[in-house]
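Data block for protein_18.cif (mmCIF, C-alpha atoms):
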```
data_final
loop_
_atom_site.group_PDB
_atom_site.id
_atom_site.type_symbol
_atom_site.label_atom_id
_atom_site.label_comp_id
_atom_site.auth_asym_id
_atom_site.auth_seq_id
_atom_site.Cartn_x
_atom_site.Cartn_y
_atom_site.Cartn_z
ATOM 1 C CA MET A 401 0.000 0.000 0.000
ATOM 2 C CA ASN A 402 1.285 3.458 -0.890
ATOM 3 C CA TRP A 403 1.631 5.710 2.140
ATOM 4 C CA ASP A 404 3.102 8.719 0.322
ATOM 5 C CA GLY A 405 0.029 10.918 0.753
ATOM 6 C CA ALA A 406 -1.098 10.565 -2.851
ATOM 7 C CA THR A 407 -4.722 9.907 -3.723
ATOM 8 C CA HIS A 408 -5.662 6.413 -2.660
ATOM 9 C CA PRO A 409 -6.788 4.710 -5.915
ATOM 10 C CA ARG A 410 -9.179 2.310 -4.205
ATOM 11 C CA LEU A 411 -11.098 5.170 -2.616
ATOM 12 C CA HIS A 412 -11.974 6.855 -5.912
ATOM 13 C CA GLU A 413 -12.975 3.874 -8.024
ATOM 14 C CA GLY A 414 -16.306 3.226 -6.296
ATOM 15 C CA ARG A 415 -15.256 -0.228 -5.058
ATOM 16 C CA LEU A 416 -15.279 0.350 -1.315
ATOM 17 C CA PHE A 417 -17.825 -2.400 -0.708
ATOM 18 C CA SER A 418 -17.091 -4.736 -3.623
ATOM 19 C CA ASP A 419 -15.229 -7.614 -1.998
ATOM 20 C CA LEU A 420 -16.760 -10.998 -2.786
ATOM 21 C CA GLU A 421 -17.211 -11.844 0.857
ATOM 22 C CA TYR A 422 -19.107 -8.624 1.416
ATOM 23 C CA GLN A 423 -21.299 -9.101 -1.655
ATOM 24 C CA GLY A 424 -22.297 -12.547 -0.395
ATOM 25 C CA LYS A 425 -23.847 -11.174 2.781
ATOM 26 C CA LYS A 426 -27.611 -11.519 2.998
ATOM 27 C CA ARG A 427 -28.117 -8.455 5.167
ATOM 28 C CA LYS A 428 -26.336 -5.149 5.690
ATOM 29 C CA THR A 429 -26.227 -3.507 9.090
ATOM 30 C CA ARG A 430 -27.461 0.024 9.698
ATOM 31 C CA ARG A 431 -23.849 1.137 10.003
ATOM 32 C CA GLU A 432 -22.978 -0.320 6.613
ATOM 33 C CA LEU A 433 -25.997 1.306 4.990
ATOM 34 C CA PHE A 434 -25.173 4.676 6.544
ATOM 35 C CA LEU A 435 -21.525 4.503 5.469
ATOM 36 C CA GLU A 436 -22.564 3.605 1.928
ATOM 37 C CA ARG A 437 -24.953 6.539 1.947
ATOM 38 C CA MET A 438 -22.329 9.018 3.154
ATOM 39 C CA ASP A 439 -19.741 7.600 0.766
ATOM 40 C CA GLY A 440 -21.997 8.581 -2.118
ATOM 41 C CA LEU A 441 -22.927 12.008 -0.732
ATOM 42 C CA ILE A 442 -19.570 13.457 0.352
ATOM 43 C CA PRO A 443 -17.519 15.239 -2.380
ATOM 44 C CA TRP A 444 -14.290 13.568 -1.290
ATOM 45 C CA GLN A 445 -11.939 14.967 -3.904
ATOM 46 C CA LYS A 446 -13.070 18.551 -3.286
ATOM 47 C CA LEU A 447 -12.510 18.205 0.449
ATOM 48 C CA GLU A 448 -9.134 16.574 -0.104
ATOM 49 C CA GLY A 449 -8.187 19.439 -2.406
ATOM 50 C CA ARG A 450 -8.883 21.933 0.365
ATOM 51 C CA ILE A 451 -6.673 20.053 2.833
ATOM 52 C CA HIS A 452 -3.907 18.918 0.461
ATOM 53 C CA PRO A 453 -1.755 22.126 0.577
ATOM 54 C CA PHE A 454 -1.371 21.689 4.340
ATOM 55 C CA TYR A 455 -0.964 17.916 4.460
ATOM 56 C CA PRO A 456 2.563 16.608 5.206
ATOM 57 C CA LYS A 457 4.439 15.273 2.203
ATOM 58 C CA ALA A 458 6.460 12.083 2.093
ATOM 59 C CA GLY A 459 10.090 12.564 2.972
ATOM 60 C CA ARG A 460 12.582 11.316 5.449
ATOM 61 C CA GLY A 461 11.232 9.497 8.452
ATOM 62 C CA ARG A 462 7.789 8.021 8.816
ATOM 63 C CA ARG A 463 5.633 8.414 5.723
ATOM 64 C CA PRO A 464 2.117 9.786 6.322
ATOM 65 C CA TYR A 465 -1.003 7.781 5.669
ATOM 66 C CA PRO A 466 -2.755 8.868 2.456
ATOM 67 C CA LEU A 467 -4.859 11.980 2.872
ATOM 68 C CA PRO A 468 -8.062 10.220 1.630
ATOM 69 C CA VAL A 469 -7.669 7.586 4.348
ATOM 70 C CA MET A 470 -7.224 10.141 7.136
ATOM 71 C CA LEU A 471 -10.089 12.317 5.917
ATOM 72 C CA ARG A 472 -12.417 9.325 5.893
ATOM 73 C CA ILE A 473 -11.296 8.329 9.382
ATOM 74 C CA HIS A 474 -11.974 11.871 10.575
ATOM 75 C CA CYS A 475 -15.463 11.792 9.054
ATOM 76 C CA VAL A 476 -16.260 8.478 10.731
ATOM 77 C CA GLN A 477 -15.072 9.998 14.006
ATOM 78 C CA LEU A 478 -17.620 12.787 13.479
ATOM 79 C CA PHE A 479 -20.418 10.439 12.369
ATOM 80 C CA TYR A 480 -20.270 8.627 15.714
ATOM 81 C CA ASN A 481 -18.868 11.409 17.957
ATOM 82 C CA LEU A 482 -15.815 9.365 18.952
ATOM 83 C CA SER A 483 -12.721 10.302 20.901
ATOM 84 C CA ASP A 484 -9.330 9.652 19.289
ATOM 85 C CA PRO A 485 -8.822 6.384 21.266
ATOM 86 C CA GLY A 486 -12.421 5.414 20.480
ATOM 87 C CA MET A 487 -11.794 5.905 16.764
ATOM 88 C CA GLU A 488 -8.654 3.760 16.926
ATOM 89 C CA ASP A 489 -10.638 1.001 18.634
ATOM 90 C CA LEU A 490 -13.364 1.170 15.988
ATOM 91 C CA LEU A 491 -10.805 0.664 13.222
ATOM 92 C CA TYR A 492 -9.781 -2.614 14.862
ATOM 93 C CA GLU A 493 -13.323 -3.701 15.701
ATOM 94 C CA SER A 494 -15.341 -2.867 12.576
ATOM 95 C CA ASP A 495 -14.786 -4.379 9.153
ATOM 96 C CA PRO A 496 -17.341 -2.024 7.488
ATOM 97 C CA VAL A 497 -15.453 0.984 8.869
ATOM 98 C CA ARG A 498 -12.104 -0.339 7.641
ATOM 99 C CA ARG A 499 -13.690 -0.974 4.269
ATOM 100 C CA PHE A 500 -15.061 2.586 4.229
ATOM 101 C CA VAL A 501 -11.680 4.169 4.960
ATOM 102 C CA GLY A 502 -9.759 1.854 2.631
ATOM 103 C CA LEU A 503 -7.733 -0.164 5.148
ATOM 104 C CA LYS A 504 -7.355 -3.841 6.039
ATOM 105 C CA LEU A 505 -6.744 -5.491 9.365
ATOM 106 C CA THR A 506 -3.694 -7.207 7.869
ATOM 107 C CA GLY A 507 -2.081 -3.835 7.121
ATOM 108 C CA PRO A 508 -1.049 -0.862 9.267
ATOM 109 C CA LEU A 509 -3.823 1.013 11.065
ATOM 110 C CA PRO A 510 -3.478 4.596 12.366
ATOM 111 C CA ASP A 511 -3.158 4.889 16.131
ATOM 112 C CA GLU A 512 -4.873 7.481 18.289
ATOM 113 C CA THR A 513 -1.910 9.880 18.042
ATOM 114 C CA THR A 514 -2.047 9.834 14.235
ATOM 115 C CA ILE A 515 -5.797 10.491 14.387
ATOM 116 C CA LEU A 516 -5.245 13.333 16.867
ATOM 117 C CA ASN A 517 -2.511 14.878 14.682
ATOM 118 C CA PHE A 518 -4.827 14.966 11.675
ATOM 119 C CA ARG A 519 -7.501 16.707 13.742
ATOM 120 C CA HIS A 520 -4.922 19.210 14.995
ATOM 121 C CA LEU A 521 -3.897 19.880 11.385
ATOM 122 C CA LEU A 522 -7.480 20.850 10.523
ATOM 123 C CA GLU A 523 -7.726 23.006 13.638
ATOM 124 C CA LYS A 524 -4.389 24.734 13.070
ATOM 125 C CA HIS A 525 -5.358 25.899 9.588
ATOM 126 C CA ASN A 526 -9.048 26.575 10.380
ATOM 127 C CA LEU A 527 -10.076 24.084 7.734
ATOM 128 C CA GLY A 528 -13.453 23.227 9.238
ATOM 129 C CA GLN A 529 -15.036 26.378 7.823
ATOM 130 C CA GLY A 530 -13.277 25.743 4.508
ATOM 131 C CA LEU A 531 -14.710 22.234 4.272
ATOM 132 C CA LEU A 532 -18.204 23.603 4.981
ATOM 133 C CA GLU A 533 -17.667 26.044 2.111
ATOM 134 C CA GLU A 534 -16.522 23.240 -0.206
ATOM 135 C CA ILE A 535 -19.597 21.166 0.599
ATOM 136 C CA ASN A 536 -21.902 24.115 -0.038
ATOM 137 C CA ALA A 537 -20.114 24.911 -3.312
ATOM 138 C CA HIS A 538 -20.587 21.281 -4.312
ATOM 139 C CA LEU A 539 -24.312 21.467 -3.549
ATOM 140 C CA GLU A 540 -24.586 24.723 -5.488
ATOM 141 C CA SER A 541 -22.833 23.140 -8.484
ATOM 142 C CA GLN A 542 -25.543 20.486 -8.402
ATOM 143 C CA GLY A 543 -28.237 23.153 -8.677
ATOM 144 C CA LEU A 544 -29.062 23.658 -4.999
ATOM 145 C CA LYS A 545 -28.672 27.431 -4.835
ATOM 146 C CA LEU A 546 -29.076 29.909 -2.004
ATOM 147 C CA ARG A 547 -32.257 31.917 -2.355
ATOM 148 C CA GLU A 548 -33.276 35.336 -1.083
ATOM 149 C CA GLY A 549 -34.025 34.498 2.523
ATOM 150 C CA THR A 550 -31.997 33.540 5.593
ATOM 151 C CA ILE A 551 -33.196 32.150 8.916
ATOM 152 C CA VAL A 552 -30.967 32.867 11.917
ATOM 153 C CA ASP A 553 -30.975 30.919 15.155
ATOM 154 C CA ALA A 554 -28.709 29.521 17.862
ATOM 155 C CA THR A 555 -28.541 26.460 20.074
ATOM 156 C CA ILE A 556 -26.772 25.785 23.359
ATOM 157 C CA ILE A 557 -24.201 22.993 23.481
ATOM 158 C CA GLU A 558 -23.499 21.874 27.001
ATOM 159 C CA ALA A 559 -20.018 21.771 28.547
ATOM 160 C CA PRO A 560 -18.915 20.022 31.766
ATOM 161 C CA SER A 561 -19.651 22.328 34.707
ATOM 162 C CA SER A 562 -17.600 20.309 37.186
ATOM 163 C CA THR A 563 -14.278 21.581 38.490
ATOM 164 C CA LYS A 564 -13.075 18.060 39.244
ATOM 165 C CA ASN A 565 -10.452 18.051 36.502
ATOM 166 C CA ARG A 566 -6.733 18.567 36.055
ATOM 167 C CA ASN A 567 -7.014 22.374 36.131
ATOM 168 C CA GLN A 568 -9.532 22.439 38.985
ATOM 169 C CA GLU A 569 -11.678 24.896 37.017
ATOM 170 C CA ARG A 570 -14.442 25.168 34.466
ATOM 171 C CA ASP A 571 -13.568 25.915 30.859
ATOM 172 C CA PRO A 572 -12.954 29.713 30.920
ATOM 173 C CA GLU A 573 -14.337 30.099 27.370
ATOM 174 C CA MET A 574 -17.677 28.566 28.326
ATOM 175 C CA HIS A 575 -20.273 30.412 30.367
ATOM 176 C CA GLN A 576 -23.580 29.980 32.099
ATOM 177 C CA THR A 577 -26.920 31.208 30.803
ATOM 178 C CA ARG A 578 -30.555 30.847 31.697
ATOM 179 C CA LYS A 579 -33.132 29.527 29.248
ATOM 180 C CA GLY A 580 -36.645 29.506 30.609
ATOM 181 C CA ASN A 581 -36.353 28.212 34.155
ATOM 182 C CA GLN A 582 -33.227 26.154 33.519
ATOM 183 C CA TRP A 583 -29.544 27.084 33.711
ATOM 184 C CA HIS A 584 -27.052 25.839 31.121
ATOM 185 C CA PHE A 585 -23.251 25.961 31.041
ATOM 186 C CA GLY A 586 -21.477 25.773 27.710
ATOM 187 C CA MET A 587 -21.344 27.441 24.297
ATOM 188 C CA LYS A 588 -23.700 28.539 21.538
ATOM 189 C CA ALA A 589 -23.651 27.542 17.889
ATOM 190 C CA HIS A 590 -25.169 30.308 15.745
ATOM 191 C CA ILE A 591 -26.246 29.492 12.186
ATOM 192 C CA GLY A 592 -27.648 31.166 9.108
ATOM 193 C CA VAL A 593 -29.887 28.819 7.110
ATOM 194 C CA ASP A 594 -31.299 29.222 3.612
ATOM 195 C CA SER A 595 -35.055 29.679 3.947
ATOM 196 C CA GLU A 596 -35.860 27.476 0.940
ATOM 197 C CA THR A 597 -33.459 24.546 1.240
ATOM 198 C CA GLY A 598 -32.690 24.491 4.971
ATOM 199 C CA ILE A 599 -28.945 24.457 4.175
ATOM 200 C CA VAL A 600 -26.549 26.027 6.700
ATOM 201 C CA HIS A 601 -24.524 28.628 4.817
ATOM 202 C CA SER A 602 -22.920 30.473 7.768
ATOM 203 C CA MET A 603 -22.020 29.694 11.346
ATOM 204 C CA SER A 604 -20.233 31.131 14.354
ATOM 205 C CA THR A 605 -19.761 30.218 18.000
ATOM 206 C CA THR A 606 -19.805 32.122 21.277
ATOM 207 C CA ALA A 607 -20.030 31.394 24.964
ATOM 208 C CA ALA A 608 -23.577 30.441 25.995
ATOM 209 C CA ASN A 609 -24.242 33.815 27.667
ATOM 210 C CA ALA A 610 -23.806 35.814 24.439
ATOM 211 C CA HIS A 611 -27.063 37.270 23.126
ATOM 212 C CA ASP A 612 -28.214 35.739 19.858
ATOM 213 C CA VAL A 613 -28.730 39.121 18.220
ATOM 214 C CA THR A 614 -25.040 40.055 18.515
ATOM 215 C CA GLU A 615 -24.015 37.402 15.970
ATOM 216 C CA THR A 616 -26.638 38.140 13.304
ATOM 217 C CA ARG A 617 -24.345 40.087 10.967
ATOM 218 C CA HIS A 618 -21.935 37.118 10.786
ATOM 219 C CA LEU A 619 -24.720 34.773 9.670
ATOM 220 C CA LEU A 620 -25.796 36.575 6.488
ATOM 221 C CA HIS A 621 -24.338 35.769 3.069
ATOM 222 C CA GLY A 622 -25.146 39.243 1.707
ATOM 223 C CA GLY A 623 -27.554 38.245 -1.030
ATOM 224 C CA GLU A 624 -30.685 37.829 1.034
ATOM 225 C CA THR A 625 -33.591 40.257 0.931
ATOM 226 C CA VAL A 626 -35.423 38.906 3.979
ATOM 227 C CA VAL A 627 -34.222 37.533 7.328
ATOM 228 C CA TRP A 628 -36.300 35.451 9.746
ATOM 229 C CA GLY A 629 -35.568 35.120 13.453
ATOM 230 C CA ASP A 630 -37.322 34.177 16.667
ATOM 231 C CA ALA A 631 -38.232 36.647 19.405
ATOM 232 C CA GLY A 632 -34.648 36.652 20.658
ATOM 233 C CA TYR A 633 -33.741 38.809 17.652
ATOM 234 C CA GLN A 634 -36.074 41.652 18.588
ATOM 235 C CA GLY A 635 -34.329 44.973 17.900
ATOM 236 C CA VAL A 636 -31.839 43.474 15.438
ATOM 237 C CA HIS A 637 -32.650 46.132 12.826
ATOM 238 C CA ARG A 638 -31.573 48.903 15.225
ATOM 239 C CA ARG A 639 -28.079 47.557 15.807
ATOM 240 C CA GLU A 640 -25.379 49.721 14.232
ATOM 241 C CA GLU A 641 -23.834 46.920 12.145
ATOM 242 C CA ASN A 642 -27.222 46.198 10.542
ATOM 243 C CA LEU A 643 -28.467 49.723 9.790
ATOM 244 C CA GLU A 644 -27.264 49.727 6.172
ATOM 245 C CA LEU A 645 -28.601 46.266 5.329
ATOM 246 C CA GLU A 646 -31.382 46.395 2.754
ATOM 247 C CA VAL A 647 -33.335 43.447 4.079
ATOM 248 C CA GLU A 648 -36.796 42.890 5.487
ATOM 249 C CA TRP A 649 -36.604 41.678 9.075
ATOM 250 C CA ARG A 650 -39.314 39.135 9.912
ATOM 251 C CA VAL A 651 -38.724 38.664 13.610
ATOM 252 C CA ALA A 652 -41.214 36.808 15.778
ATOM 253 C CA MET A 653 -43.354 38.609 18.299
ATOM 254 C CA ARG A 654 -42.544 37.972 21.943
ATOM 255 C CA PRO A 655 -44.505 34.978 23.303
ATOM 256 C CA GLY A 656 -46.338 37.038 25.908
ATOM 257 C CA ARG A 657 -47.765 39.402 23.290
ATOM 258 C CA ARG A 658 -48.560 36.597 20.864
ATOM 259 C CA ARG A 659 -50.630 34.715 23.442
ATOM 260 C CA LYS A 660 -52.916 37.744 23.715
ATOM 261 C CA LEU A 661 -53.780 37.711 19.995
ATOM 262 C CA GLU A 662 -57.052 36.432 18.649
ATOM 263 C CA PRO A 663 -56.223 33.093 16.947
ATOM 264 C CA ASP A 664 -57.814 34.088 13.623
ATOM 265 C CA SER A 665 -56.595 37.678 13.542
ATOM 266 C CA ALA A 666 -54.411 38.907 10.695
ATOM 267 C CA VAL A 667 -51.454 39.469 13.023
ATOM 268 C CA ALA A 668 -51.750 35.948 14.473
ATOM 269 C CA LEU A 669 -51.791 34.459 10.977
ATOM 270 C CA VAL A 670 -48.677 36.430 10.045
ATOM 271 C CA GLU A 671 -46.907 35.129 13.148
ATOM 272 C CA LYS A 672 -47.947 31.594 12.270
ATOM 273 C CA ALA A 673 -46.502 32.027 8.764
ATOM 274 C CA LYS A 674 -43.221 33.292 10.208
ATOM 275 C CA ALA A 675 -43.019 30.257 12.501
ATOM 276 C CA SER A 676 -43.591 27.829 9.615
ATOM 277 C CA VAL A 677 -40.571 29.265 7.787
ATOM 278 C CA ARG A 678 -38.397 29.320 10.916
ATOM 279 C CA ALA A 679 -39.103 25.624 11.505
ATOM 280 C CA LYS A 680 -36.494 24.765 8.866
ATOM 281 C CA VAL A 681 -33.719 26.025 11.117
ATOM 282 C CA GLU A 682 -34.399 23.166 13.527
ATOM 283 C CA HIS A 683 -33.378 20.507 11.009
ATOM 284 C CA PRO A 684 -29.611 21.261 11.130
ATOM 285 C CA PHE A 685 -29.723 21.302 14.929
ATOM 286 C CA GLN A 686 -31.552 17.978 14.900
ATOM 287 C CA ARG A 687 -28.858 16.450 12.669
ATOM 288 C CA LEU A 688 -26.139 17.873 14.893
ATOM 289 C CA LYS A 689 -27.498 16.641 18.214
ATOM 290 C CA ARG A 690 -29.579 13.559 17.467
ATOM 291 C CA GLN A 691 -27.836 12.028 14.477
ATOM 292 C CA PHE A 692 -24.239 13.002 15.225
ATOM 293 C CA GLY A 693 -24.654 13.091 19.013
ATOM 294 C CA TYR A 694 -23.050 16.504 19.465
ATOM 295 C CA TRP A 695 -25.228 17.868 22.262
ATOM 296 C CA LYS A 696 -22.190 18.213 24.527
ATOM 297 C CA VAL A 697 -18.793 19.714 23.654
ATOM 298 C CA ARG A 698 -15.990 17.286 22.906
ATOM 299 C CA TYR A 699 -13.070 19.640 23.712
ATOM 300 C CA ARG A 700 -12.141 22.582 25.917
ATOM 301 C CA GLY A 701 -12.249 26.023 24.327
ATOM 302 C CA LEU A 702 -14.294 27.429 21.460
ATOM 303 C CA ALA A 703 -11.797 27.043 18.608
ATOM 304 C CA LYS A 704 -11.579 23.241 18.558
ATOM 305 C CA ASN A 705 -15.315 22.831 18.916
ATOM 306 C CA THR A 706 -15.927 25.416 16.176
ATOM 307 C CA GLU A 707 -13.828 23.464 13.674
ATOM 308 C CA ARG A 708 -15.689 20.274 14.496
ATOM 309 C CA LEU A 709 -19.084 21.978 14.297
ATOM 310 C CA ALA A 710 -18.389 23.505 10.886
ATOM 311 C CA LEU A 711 -17.755 20.143 9.256
ATOM 312 C CA LEU A 712 -20.659 18.573 11.146
ATOM 313 C CA PHE A 713 -23.005 21.202 9.724
ATOM 314 C CA GLY A 714 -21.527 20.509 6.297
ATOM 315 C CA LEU A 715 -22.184 16.788 6.634
ATOM 316 C CA GLY A 716 -25.679 17.605 7.855
ATOM 317 C CA ASN A 717 -26.205 19.775 4.756
ATOM 318 C CA LEU A 718 -25.497 16.770 2.529
ATOM 319 C CA LEU A 719 -28.183 14.779 4.319
ATOM 320 C CA ILE A 720 -30.688 17.646 4.285
ATOM 321 C CA ALA A 721 -30.075 18.256 0.572
ATOM 322 C CA GLU A 722 -30.445 14.574 -0.317
ATOM 323 C CA GLY A 723 -33.462 14.131 -2.536
ATOM 324 C CA GLN A 724 -34.233 17.862 -2.826
ATOM 325 C CA PRO A 725 -35.041 19.132 -6.351
ATOM 326 C CA ARG A 726 -32.150 20.843 -8.109
ATOM 327 C CA GLY A 727 -32.138 23.889 -10.342
#
```
This structure in structure tokens:
Amino acid sequence: MNWDGATHPRLHEGRLFSDLEYQGKKRKTRRELFLERMDGLIPWQKLEGRIHPFYPKAGRGRRPYPLPVMLRIHCVQLFYNLSDPGMEDLLYESDPVRRFVGLKLTGPLPDETTILNFRHLLEKHNLGQGLLEEINAHLESQGLKLREGTIVDATIIEAPSSTKNRNQERDPEMHQTRKGNQWHFGMKAHIGVDSETGIVHSMSTTAANAHDVTETRHLLHGGETVVWGDAGYQGVHRREENLELEVEWRVAMRPGRRRKLEPDSAVALVEKAKASVRAKVEHPFQRLKRQFGYWKVRYRGLAKNTERLALLFGLGNLLIAEGQPRG
């Protein structure tokens, strides 16, 4: 096997699951079906192209594993929200995963340090956001274009609040906030979502105590004519950074005022229409937390979690876009 970092031929010939033994199986597991599905959805060569300039080249000393292999391992790690040691274990335990990444049990398998180093490479060069951009460009090339509207929203991702750790302290970049009658400690993921397709086109992160409205400007792609938001975005049009934006702000009424409306009144119907559009913003959060299991931060600090979140939203976009009409 060639470990010089060049494109792995087996990974780009569509034969990941073509072994005779595999073909003879009567039933595929849910994991196998999901990996096959993601194998067909992810634009591997475009993502590899974004990483390739930063990937170590073969030279003296230990030769790196091929970039396609490491990228696939990283994606599997995100699919199942695994730690670096957990990902190493899965490579030894799961034949479908080895088949997906292009490795065999009889050959060398990356250890947890190699897996960690690849993740650090992505973090060092802020490649998570770049991979999200590549995925969205791929979807756009297939005819799934951004329209004229953006929905903005945020979700809290919990962080450990205990101080029983090596540093005897909470993560200083995470903070506490109150939502309803419940307190949460962690960070916020803010996203801008296309109002037609439900695709995440922009994202940012803050500590959990940051107000949603402060991140709005970072979540717009610049081509929208209308922006939807929940009641937490009240007053967004008066913020200095948004004064020159030529958009229509369709922000929800505060719940207390809405409850006082007559159900069939014109204002109540308008609020109902706003809510039906905003519902699309919940789909990326559902993918993030329920499918990929990222309801709790994996690392300390915002930067590492931001890189992971960006690619997770990109992978979620591929699933959301699956089956949508193009053009």
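Rounded to one decimal, CA of His474 (chain A) and CA of Glu707 (chain A) lie 12.1 Å from each other.
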So that I can check the surroundings of Leu702 (chain A), please list as a short mmCIF file (atom, residue, chain, number, x, y, z; two decimals) with C-alpha atoms, keeping the file's coordinate frame every protein, DNA and RNA residue that reaches within 7 Å of it, counting all atoms listed in the file and ignoring chain neighbours fewer than 3 positions away.
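Output (out-v1.cif):
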```cif
data_model
loop_
_atom_site.label_atom_id
_atom_site.label_comp_id
_atom_site.auth_asym_id
_atom_site.auth_seq_id
_atom_site.Cartn_x
_atom_site.Cartn_y
_atom_site.Cartn_z
CA GLU A 573 -14.34 30.10 27.37
CA ASN A 705 -15.32 22.83 18.92
CA THR A 706 -15.93 25.42 16.18
#
```
Rounded to one decimal, what separation in Å do you get between CA of Leu711 (chain A) and CA of Gly528 (chain A)?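 Pair CA of Leu711 (chain A) / CA of Gly528 (chain A) returns 5.3 Å.
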Chain and number of each residue from the PyMOL selection byres ((chain A and resi 518) around 12), as an MDAnalysis selection string: chainID A and resid 451:452 454:456 464:475 477 484 510:517 519:525 527
Selection from above, C-alpha atoms, as a PDB file, keeping the file's coordinate frame, can you write it?
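New file again_17.pdb:
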```
ATOM      1  CA  ILE A 451      -6.673  20.053   2.833  1.00  0.00           C
ATOM      2  CA  HIS A 452      -3.907  18.918   0.461  1.00  0.00           C
ATOM      3  CA  PHE A 454      -1.371  21.689   4.340  1.00  0.00           C
ATOM      4  CA  TYR A 455      -0.964  17.916   4.460  1.00  0.00           C
ATOM      5  CA  PRO A 456       2.563  16.608   5.206  1.00  0.00           C
ATOM      6  CA  PRO A 464       2.117   9.786   6.322  1.00  0.00           C
ATOM      7  CA  TYR A 465      -1.003   7.781   5.669  1.00  0.00           C
ATOM      8  CA  PRO A 466      -2.755   8.868   2.456  1.00  0.00           C
ATOM      9  CA  LEU A 467      -4.859  11.980   2.872  1.00  0.00           C
ATOM     10  CA  PRO A 468      -8.062  10.220   1.630  1.00  0.00           C
ATOM     11  CA  VAL A 469      -7.669   7.586   4.348  1.00  0.00           C
ATOM     12  CA  MET A 470      -7.224  10.141   7.136  1.00  0.00           C
ATOM     13  CA  LEU A 471     -10.089  12.317   5.917  1.00  0.00           C
ATOM     14  CA  ARG A 472     -12.417   9.325   5.893  1.00  0.00           C
ATOM     15  CA  ILE A 473     -11.296   8.329   9.382  1.00  0.00           C
ATOM     16  CA  HIS A 474     -11.974  11.871  10.575  1.00  0.00           C
ATOM     17  CA  CYS A 475     -15.463  11.792   9.054  1.00  0.00           C
ATOM     18  CA  GLN A 477     -15.072   9.998  14.006  1.00  0.00           C
ATOM     19  CA  ASP A 484      -9.330   9.652  19.289  1.00  0.00           C
ATOM     20  CA  PRO A 510      -3.478   4.596  12.366  1.00  0.00           C
ATOM     21  CA  ASP A 511      -3.158   4.889  16.131  1.00  0.00           C
ATOM     22  CA  GLU A 512      -4.873   7.481  18.289  1.00  0.00           C
ATOM     23  CA  THR A 513      -1.910   9.880  18.042  1.00  0.00           C
ATOM     24  CA  THR A 514      -2.047   9.834  14.235  1.00  0.00           C
ATOM     25  CA  ILE A 515      -5.797  10.491  14.387  1.00  0.00           C
ATOM     26  CA  LEU A 516      -5.245  13.333  16.867  1.00  0.00           C
ATOM     27  CA  ASN A 517      -2.511  14.878  14.682  1.00  0.00           C
ATOM     28  CA  ARG A 519      -7.501  16.707  13.742  1.00  0.00           C
ATOM     29  CA  HIS A 520      -4.922  19.210  14.995  1.00  0.00           C
ATOM     30  CA  LEU A 521      -3.897  19.880  11.385  1.00  0.00           C
ATOM     31  CA  LEU A 522      -7.480  20.850  10.523  1.00  0.00           C
ATOM     32  CA  GLU A 523      -7.726  23.006  13.638  1.00  0.00           C
ATOM     33  CA  LYS A 524      -4.389  24.734  13.070  1.00  0.00           C
ATOM     34  CA  HIS A 525      -5.358  25.899   9.588  1.00  0.00           C
ATOM     35  CA  LEU A 527     -10.076  24.084   7.734  1.00  0.00           C
TER      36      LEU A 527
END
```
Give me the residues near region 685-694 of chain A as a tab-separated table (two decimals) with C-alpha atoms, keeping the file's coordinate frame, where near means some atom within 8 Å (using all atoms listed in the file) and where sequence neighbours in that chain fewer than 5 positions away do not count.
```tsv
chain	number	residue	atom	x	y	z
A	478	LEU	CA	-17.62	12.79	13.48
A	479	PHE	CA	-20.42	10.44	12.37
A	480	TYR	CA	-20.27	8.63	15.71
A	481	ASN	CA	-18.87	11.41	17.96
A	555	THR	CA	-28.54	26.46	20.07
A	557	ILE	CA	-24.20	22.99	23.48
A	712	LEU	CA	-20.66	18.57	11.15
A	713	PHE	CA	-23.00	21.20	9.72
A	716	GLY	CA	-25.68	17.60	7.86
```
Expected residue set, 10 Å radius at (-28.9, 39.9, 3.4), all atoms listed in the file, as a PDB file with C-alpha atoms, in the coordinates of the input:
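The resulting point-v9.pdb:
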```pdb
ATOM      1  CA  GLU A 548     -33.276  35.336  -1.083  1.00  0.00           C
ATOM      2  CA  GLY A 549     -34.025  34.498   2.523  1.00  0.00           C
ATOM      3  CA  THR A 550     -31.997  33.540   5.593  1.00  0.00           C
ATOM      4  CA  ARG A 617     -24.345  40.087  10.967  1.00  0.00           C
ATOM      5  CA  LEU A 619     -24.720  34.773   9.670  1.00  0.00           C
ATOM      6  CA  LEU A 620     -25.796  36.575   6.488  1.00  0.00           C
ATOM      7  CA  HIS A 621     -24.338  35.769   3.069  1.00  0.00           C
ATOM      8  CA  GLY A 622     -25.146  39.243   1.707  1.00  0.00           C
ATOM      9  CA  GLY A 623     -27.554  38.245  -1.030  1.00  0.00           C
ATOM     10  CA  GLU A 624     -30.685  37.829   1.034  1.00  0.00           C
ATOM     11  CA  THR A 625     -33.591  40.257   0.931  1.00  0.00           C
ATOM     12  CA  VAL A 626     -35.423  38.906   3.979  1.00  0.00           C
ATOM     13  CA  VAL A 627     -34.222  37.533   7.328  1.00  0.00           C
ATOM     14  CA  ASN A 642     -27.222  46.198  10.542  1.00  0.00           C
ATOM     15  CA  LEU A 645     -28.601  46.266   5.329  1.00  0.00           C
ATOM     16  CA  GLU A 646     -31.382  46.395   2.754  1.00  0.00           C
ATOM     17  CA  VAL A 647     -33.335  43.447   4.079  1.00  0.00           C
ATOM     18  CA  GLU A 648     -36.796  42.890   5.487  1.00  0.00           C
ATOM     19  CA  TRP A 649     -36.604  41.678   9.075  1.00  0.00           C
TER      20      TRP A 649
END
```
Determine the nearest neighbour of Trp628 (chain A) from the options A:Leu643, A:Ile551, A:Val593, A:Val667, counting only C-alpha atoms.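 Nearest candidate to Trp628 (chain A) out of A:Leu643, A:Ile551, A:Val593, A:Val667: A:Ile551.
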